[in-house]
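Take a look at the structure set out below.
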Number of protein chains: 2
Amino acid sequence: MYGAIIHAPGDVRREERPDPTLLEPTDAIVRTVAACVCGSDLWRYRGIADVPEPTPIGHEICGVVTAIGADVRTVAVGDFVVGGFNPSDGTCALCAKGATANCLHGARYDGAQAEQVRIPHADGTLVATPSMPEDDLVPSLLALSDVMCTGWHAAVSAGVTEGSTVAVVGDGAVGLCAVLAAVQLGASTVIAMSRHAPRQEVARRFGATHVIAERGEDGAAAVKELTDGIGADCVLECVGTEDARHQALAVVRDGGAIGLVGVPHGDLPVNELFWRNVGLRGGPANCAAYLPELLEKVLTREIEPGLVFDLELPLAEIGEAYAAMDERRAIKVLVRP
Amino acid sequence: MYGAIIHAPGDVRREERPDPTLLEPTDAIVRTVAACVCGSDLWRYRGIADVPEPTPIGHEICGVVTAIGADVRTVAVGDFVVGGFNPSDGTCALCAKGATANCLHGARYDGAQAEQVRIPHADGTLVATPSMPEDDLVPSLLALSDVMCTGWHAAVSAGVTEGSTVAVVGDGAVGLCAVLAAVQLGASTVIAMSRHAPRQEVARRFGATHVIAERGEDGAAAVKELTDGIGADCVLECVGTEDARHQALAVVRDGGAIGLVGVPHGDLPVNELFWRNVGLRGGPANCAAYLPELLEKVLTREIEPGLVFDLELPLAEIGEAYAAMDERRAIKVLVRP
C-alpha cells in the first residue's frame, strides 16, 4: 500500500509501505476513506520535535473495516468506522470512569496518512455508523477522530454548561471545534478570539456569538466588555504556548476555569490561579467517551465539524498538504488515499 | 476593649485596644462570643510572614450584633451572626456568580481575636441565626467562619459528588472539615491521610471511611489499594506545601481532580497535570456562597464541625492558644473573650 513517511523536517513523502496486519486478537484493519494532517504532526515537520528516522505519520482517519482479530465483537468487516487518535480498551478501571484518554492499556498509533491502518483495541476505540454514510458527511466524521473530540474536551474540562460565558483562545481546527462544542453545551456567549477572516467565518458558522480580533490586553478588555466587566466563566485554551495561557488567564473571570488542550509549553503561575480561584483542567481528549454522542450529532446533521477542512488533496500530494498547513494557507487538510 | 496583638514572631498578647466603630454605612459591629486561632495566623507567629509593627490579629468569629450602619438591611442589633473571613458585598458581578471570595469590593479584616470586631459589607457577609443558638452549637458556628467553608471549598473545587472516591491530604482543622464536606457531598469512599491519633479520631467521627497513616509512595500505594488500583477521583489538598501537592498528585487518579485550599508554595508540574488529565482548582473559600446551607446543617445538628476545637482558652491566655497550636498540642483553639 501507499502511506506517508516523514523523513526529516519539511520532508514528508508518499511511499510504498507494507500492508498492516493483525498483531493482536483485539486489532482491526481499516481501509482509509479519509485521513488528515494534525497541528501536532507539524511539530516534527517544523523540526520542533525530533525525526530520528523515517517514520510513518498521521493519527486521524475514518474508513471501512477490512479485517478483525478473533476477539473483536463490536465492529465487523465492511463497517464504516471512526475512532479516536488514542485507542483505549474500554474495559479498564480508568475507561470505566470515562477517562479513556488515560486507559491503563492505552495505545497510540502513527502512520494513519495511508491507505490502510491497524487500529489497536478495536472494540474500545472504533464506533461504526449504522450504514454507509453519505460522502458529504465524511469530513465531519473524520473530524471526530481528533479535533472535534479535542475541542469538546476543552469545553467539558472547563465545565461549560447551560448559560456559560465562554472565550476560545486559538483559531486552529481545535479552537474552532471548541467554539462548536461550547455552543452545543449550551453556552449563552461564545467569543472566538481570531484575526483570520476565513477562521472567523467558520467560528461564526459554528455559532460564535462574538469574534474578537484583538490580542493581549486589548483582547482581554474586549472580552471583559462582553462579560459584565469580569471576564469569561470558561476559557478554552487550544494552543499550548505560554502566550496563549497568559491570554487565557487575562480573559477568564475570577472563580472561572480554563480548559487546556494545547500541549503546555512553559510555566504556570500557580499563585495567580490560587488567589483568583481559577480552575485548570485538560489534556488529551477522552475520544471514546465522547464519540457515541458526537457521532449521533454528525449523522443527524446537528453539527458539521468538517467545516474545518478547507483543502482536500490526494495522498500523492501529502507534501503539499503539510506545506499548506505549515504556511497557514489552510486551516486543516483532508487527504484522500 | 481587649484584643490580641501580635508584636513579633512568638509574641501575641491580650492588650487594651480602642473599641471598633462604624466606618461605612455597610458595616456592623459584632460583640464576640467566640473567636479562634487559624493555621494561617501561625505564619506570622512562626516568622514565616513579616510582622512589621504590632498588629491586631484574627479573622474568625461568631457573636452578637451591637451596631449597624445606615445601609445594613439583613442583620439587626441583637442578632447572633456568623460570617466568613473574607467579607463580600453580595451584589457585584462576581458575587452574583457565587465567586464571593473574589468579590470586586471584597475586604479582609484582622483583629478578630478581640471582644468586638467591625465587619465590612455586613449584608453580604453575615448570616443571622433565627434565634440565640444553644451554647453547645457555638464551636460549630465558629467553625463556619473559616475552616468548614474552606474544607467545603476544597471538596466543591475538586468536584466531589455522589459516589466519588476522595482522599484528603492534611489533617489540620481544614483537612478534617474537608473530610466532613466530602461525606456530606455524597462521596462513597473518603480516605483521611493522617498519622495523629486524635485527628484520626475526628476524621472518623466526620465520616472518613478509611484512615491511612502512611505518606509518600507508601501512602499512595495504600490509597490505590482502596480505589481499584487507580487512585482517588478527587484529592483535597489542605496544606499548601510542595510535599503536600506531590502527595496529592501521587494519590489522584488520571482524569481526576485536586481541590487546592492550602496557599500554594513552590511549583506545579504542568506537564504531568496535562498528560494525566488531572484538574486543579481552588483558592480562598466562597464563604458567603456556602454559609446559608452550612449554617442550616449546623443548626439542625446534621454536621458538627466544632469537633475540630480540642482546646478552649480565655482571651487572656491568647499566647498559650498560639503556643498550643504551634507545638501541635491542639488541632484548633477556641478563644472566649
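Residues are referred to by chain and number: the chain letter is A, B, ... according to the order shown in the C-alpha cells, the number counts from 1 in that chain, and ligands are numbered separately from 1 in the order shown.
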Just need the residues of chain B within 6 Å of chain A, counting only C-alpha atoms, so spit them out as a list of chain:residue names. B:Ala99, B:Gly255, B:Phe274, B:Trp275, B:Asn277, B:Gly279, B:Leu280, B:Arg281, B:Gly282, B:Gly283
Which of stretch 99-303 of chain A DSSP labels strand (DSSP E or B), written as a VMD selection string: chain A and resid 114 116 to 119 126 to 128 165 to 169 189 to 193 210 to 212 232 to 237 252 to 260 279 to 282
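If you look at atom CA of A:Leu226 and atom CA of A:Gln247, they are 15.9 Å away from each other.
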Within stretch 169-253 of chain B, find each residue whose DSSP state, derived from the backbone, is alpha helix (DSSP H), and express the selection as a ChimeraX atom specification. /B:173-184,197-205,216-225,242-251
Do you know which residues are at most 6 Å from B:Tyr2 counting only C-alpha atoms, after dropping those on the same chain fewer than 5 positions away, and could you put them as a VMD selection string? chain B and resid 15 to 17 114 to 115
How would the residues just chosen look if you wrote them out with N, CA, C and O atoms as a PDB file, in the first residue's frame?
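Contents of selection-v6.pdb, as written:
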```pdb
ATOM      1  N   GLU B  15      -4.238  42.870  74.863  1.00  0.00           N
ATOM      2  CA  GLU B  15      -3.972  44.253  75.286  1.00  0.00           C
ATOM      3  C   GLU B  15      -5.239  45.075  75.148  1.00  0.00           C
ATOM      4  O   GLU B  15      -6.188  44.666  74.499  1.00  0.00           O
ATOM      5  N   GLU B  16      -5.206  46.255  75.705  1.00  0.00           N
ATOM      6  CA  GLU B  16      -6.335  47.160  75.508  1.00  0.00           C
ATOM      7  C   GLU B  16      -6.242  47.772  74.120  1.00  0.00           C
ATOM      8  O   GLU B  16      -5.159  48.169  73.671  1.00  0.00           O
ATOM      9  N   ARG B  17      -7.386  47.778  73.450  1.00  0.00           N
ATOM     10  CA  ARG B  17      -7.437  48.413  72.134  1.00  0.00           C
ATOM     11  C   ARG B  17      -8.697  49.274  72.094  1.00  0.00           C
ATOM     12  O   ARG B  17      -9.655  49.021  72.823  1.00  0.00           O
ATOM     13  N   ALA B 114     -10.690  39.319  69.673  1.00  0.00           N
ATOM     14  CA  ALA B 114     -10.955  40.542  70.438  1.00  0.00           C
ATOM     15  C   ALA B 114     -12.388  40.510  70.938  1.00  0.00           C
ATOM     16  O   ALA B 114     -13.199  39.687  70.487  1.00  0.00           O
ATOM     17  N   GLU B 115     -12.706  41.432  71.813  1.00  0.00           N
ATOM     18  CA  GLU B 115     -14.065  41.455  72.385  1.00  0.00           C
ATOM     19  C   GLU B 115     -15.105  41.955  71.386  1.00  0.00           C
ATOM     20  O   GLU B 115     -16.284  41.616  71.484  1.00  0.00           O
TER      21      GLU B 115
END
```
Write out as a list in words each polymer residue whose atoms come within 12 Å of A:Asp136, counting only C-alpha atoms; drop sequence neighbours fewer than 6 positions from it. Ala34, Leu142, Val298, Leu299, Arg301, Glu304, Pro305, Gly306 and Leu307 of chain A
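With only C-alpha atoms as the atoms that count, the residue of A:Gly39, A:Gly47, A:Gly151, A:Pro25 with the shortest distance to A:Arg328 is A:Gly39.
Nearest residue to A:His153, choosing from A:Ala289, A:Leu126, A:Gly63, A:His210 and counting only C-alpha atoms: A:Ala289.
Of the residues under consideration (A:Asp326, A:Asp110, A:Asp171, A:Asp146), A:Asp171 shows the shortest atom-to-atom contact distance to A:Cys238 when counting only C-alpha atoms.
Atom CA of A:Val174 sits 11.4 Å away from atom CA of A:Arg199.
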Separation of atom CA of A:Ser194 and atom CA of A:Val160, in Å? 20.1 Å
Might you pull out every residue within 7 Å of stretch 217-222 of chain B, with only C-alpha atoms counted and same-chain residues fewer than 5 positions away left off, and present them as number ranges by chain? B: 212, 250-251
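Taking only C-alpha atoms into account, A:Val138 lies nearest to A:Leu334 out of the set A:Leu294, A:Ala324, A:Leu334, A:Ile318.
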